[in-house]
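Below is one structure, written out as structure tokens, with a few remarks after it.
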Amino acid sequence: MIKINKNLKPKKKVIVIGGGIIGLATACRLVQDSFHVTLIDKNKSNNRASIATAGIIGGSSVIPWANDHLWKKIPSMLLSENGPLKVTYPLPANFLSFIYKSRKVGSNLEINKSSKGLAALGLKGWTEWQSLLKPFARLKKFFTQRGCLLYYGDKDEYLNEIKNNNLRRKHGMNIQHLKTKELFLKIPKTCDKNPLATLILKAGHLNNPSKFQDSLINELKKKGLKKISASATGFEMKHNKINNVITTKGKIKCDYAIICSGTGGKDLAKKLGSKISMIPAWGTSIIFKNPKIKINQPILIEKKGFAIVPNGNDLRVAGLVQVGGKTNIRNLKFENILLNQMKKIFGSFKYKGISYATGARPLTPDSLPIIGQSPNYKNVFFNFGHGHWGMTHAPVCATIVSNLICKRRNKINIKPYDASRFN
Ligand SMILES: Cc1cc2nc3c(=O)[nH]c(=O)nc-3n(C[C@H](O)[C@H](O)[C@H](O)COP(=O)(O)OP(=O)(O)OC[C@H]3O[C@@H](n4cnc5c(N)ncnc54)[C@H](O)[C@@H]3O)c2cc1C
């Protein structure tokens, strides 16, 4: 006779909308918290931020993108052919109000708040990844912790970064300055005569973000995760709850829904009555297959807006920002800039092939994500808008959301990430 365990409650159904790193990490935490999880994604992985990413965990992750320092540099960035920033038409919706808000929160008076909010998530990224992946030991091979180098081509670049480095120290980053000789013990010689660097000691990186995400999804499927390739287009609501998520493949019933859809989060939040200030900030990566230069730890070249990261036997070079335009598959201009910049730093080097990806960072004016319960629907939670640091934030925010659903206390104060801060 089959024994029925009367204490066994049916598993609650959660729909996670978005299959980038934020959706995957959230699904991973929820599966471990015994929810029945369905992941919905439009399935266009070729323009996911999580595929184009550099994959550094906790690099410079306490510096908000908008700061008084940056505004002064924007004209020269835009004029420079190989510059890290391009603004093209059509501009994103509500771009001017986005810039107005960014100037306000990025001012010297306000910036500390955003830095504090970034530090609370960014400094825990590495340890939270280790904790999230505990049941999936074989996935840990994708993570390496050898620190991250902030590279300066000369002394002026180094001096320009002092303010940011002070901010890093203030918010708890363990950093160490390297002289040229010390730097060249860590990386191959560059074409700059006297480069300097700052080493962020506790940073790590993902060796192959794309393969890692494929492997994680396979592991989660073994634990019961259901994946549906569809676009979420709306919700069916009753009073202050939603009953169904409406998708291009029909309605799906759920107890909870979590919006983890990157740049798509803004439109879905709007359907739930929340107005979010966010724009897509496109970035590009190129992977050099088997290059002749070997680099063992990530190098961030902030002035030029990109990073060089070990990718197994390959090298991933990722970064730059394009606002506006219709780029969503390949960005040839950015691919050329990255190639030119690599040549400028390391001279010509051989490699066996090259591949490309483009993706849009979901960028908010204060660099902080939107995390928490929807102000209008109590069984919907937000987890999107992670901008430049989603690979780092993902496991931390996954735990925050799962704690909220399970009514467990969060150690992190989540007020700074509230959706209603844009009202
Ligand atoms: C060039 C570059 C370099 C970066 N470097 C770093 C770094 O070194 N370290 C770091 O921490 N971060 C880095 N980032 C940022 C980080 O990659 C992003 O913050 C992160 O990938 C965002 O993840 P996401 O899951 O929110 O978005 P995405 O990866 O874009 O995923 C969102 C998913 O939602 C799906 N979706 C959207 N709308 C819907 C809908 N209506 N229905 C169903 N599905 C939907 C999309 O199809 C997509 O798959 C970088 C980003 C870029 C572009």
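Here, A, B, ... name the chains of the structure tokens in the order displayed, residue numbers run from 1 inside each chain, and ligands are numbered from 1 in the same displayed order.
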- Message: When DSSP is applied to the backbone of this structure, which of segment 268-359 of chain A are assigned strand (DSSP E or B)? Write them out as a VMD selection string.
- Response: chain A and resid 279 to 289 299 to 301 306 to 311 314 to 323 353 to 359
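Secondary structure from DSSP on the backbone puts helix (DSSP H, G or I) at the following positions of segment 315-347 of chain A: Leu332, Lys333, Phe334, Glu335, Asn336, Ile337, Leu338, Leu339, Asn340, Gln341, Met342, Lys343, Lys344, Ile345 and Phe346 of chain A.
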List every residue of segment 56-155 of chain A that has an atom at most 9 Å from any atom of segment 306-315 of chain A, and for each one report the closest atom pair and its distance in Å to one decimal, counting only C-alpha atoms, with rows sorted by chain and then by increasing residue number, as a Markdown table.
| residue | atom | partner | partner_atom | distance |
| --- | --- | --- | --- | --- |
| A:Ile56 | CA | A:Val309 | CA | 7.7 |
| A:Pro84 | CA | A:Phe306 | CA | 7.7 |
| A:Phe142 | CA | A:Gly312 | CA | 8.9 |
- Item | Length of the atom CA of Gly58 of chain A to atom CA of Glu335 of chain A vector [Å] | 24.8 Å
- Exercise: segment 101-117 of chain A partners within 9 Å, only C-alpha atoms, chain neighbours under 5 positions left out, as a PyMOL selection string: chain A and resi 61-68+71+96+122+167-168+171+277+364-368+413-414+416-417+422
Selected residues, C-alpha atoms, written as a PDB file, in the first residue's frame, please.
ATOM      1  CA  SER A  61      31.450  46.922  -9.184  1.00  0.00           C
ATOM      2  CA  VAL A  62      30.936  49.781  -6.700  1.00  0.00           C
ATOM      3  CA  ILE A  63      31.320  52.633  -9.205  1.00  0.00           C
ATOM      4  CA  PRO A  64      28.011  53.896 -10.648  1.00  0.00           C
ATOM      5  CA  TRP A  65      28.210  54.537 -14.400  1.00  0.00           C
ATOM      6  CA  ALA A  66      26.808  58.075 -14.046  1.00  0.00           C
ATOM      7  CA  ASN A  67      29.163  60.368 -12.142  1.00  0.00           C
ATOM      8  CA  ASP A  68      30.375  63.968 -12.424  1.00  0.00           C
ATOM      9  CA  TRP A  71      30.001  63.831 -17.934  1.00  0.00           C
ATOM     10  CA  LEU A  96      16.114  62.896 -22.051  1.00  0.00           C
ATOM     11  CA  GLY A 122      28.744  43.476  -5.786  1.00  0.00           C
ATOM     12  CA  LEU A 167      35.533  55.134  -3.512  1.00  0.00           C
ATOM     13  CA  ARG A 168      36.420  51.460  -4.015  1.00  0.00           C
ATOM     14  CA  HIS A 171      33.150  50.667   0.142  1.00  0.00           C
ATOM     15  CA  SER A 277      13.465  54.482 -15.923  1.00  0.00           C
ATOM     16  CA  THR A 364      19.095  52.463 -14.791  1.00  0.00           C
ATOM     17  CA  PRO A 365      20.053  56.086 -13.960  1.00  0.00           C
ATOM     18  CA  ASP A 366      21.546  55.156 -10.559  1.00  0.00           C
ATOM     19  CA  SER A 367      23.134  51.852 -11.755  1.00  0.00           C
ATOM     20  CA  LEU A 368      21.035  49.975  -9.207  1.00  0.00           C
ATOM     21  CA  ASN A 413      18.509  46.402   2.995  1.00  0.00           C
ATOM     22  CA  ILE A 414      16.541  46.270  -0.273  1.00  0.00           C
ATOM     23  CA  PRO A 416      17.576  51.260  -2.554  1.00  0.00           C
ATOM     24  CA  TYR A 417      16.355  48.847  -5.272  1.00  0.00           C
ATOM     25  CA  PHE A 422      11.480  56.444 -10.187  1.00  0.00           C
TER      26      PHE A 422
END
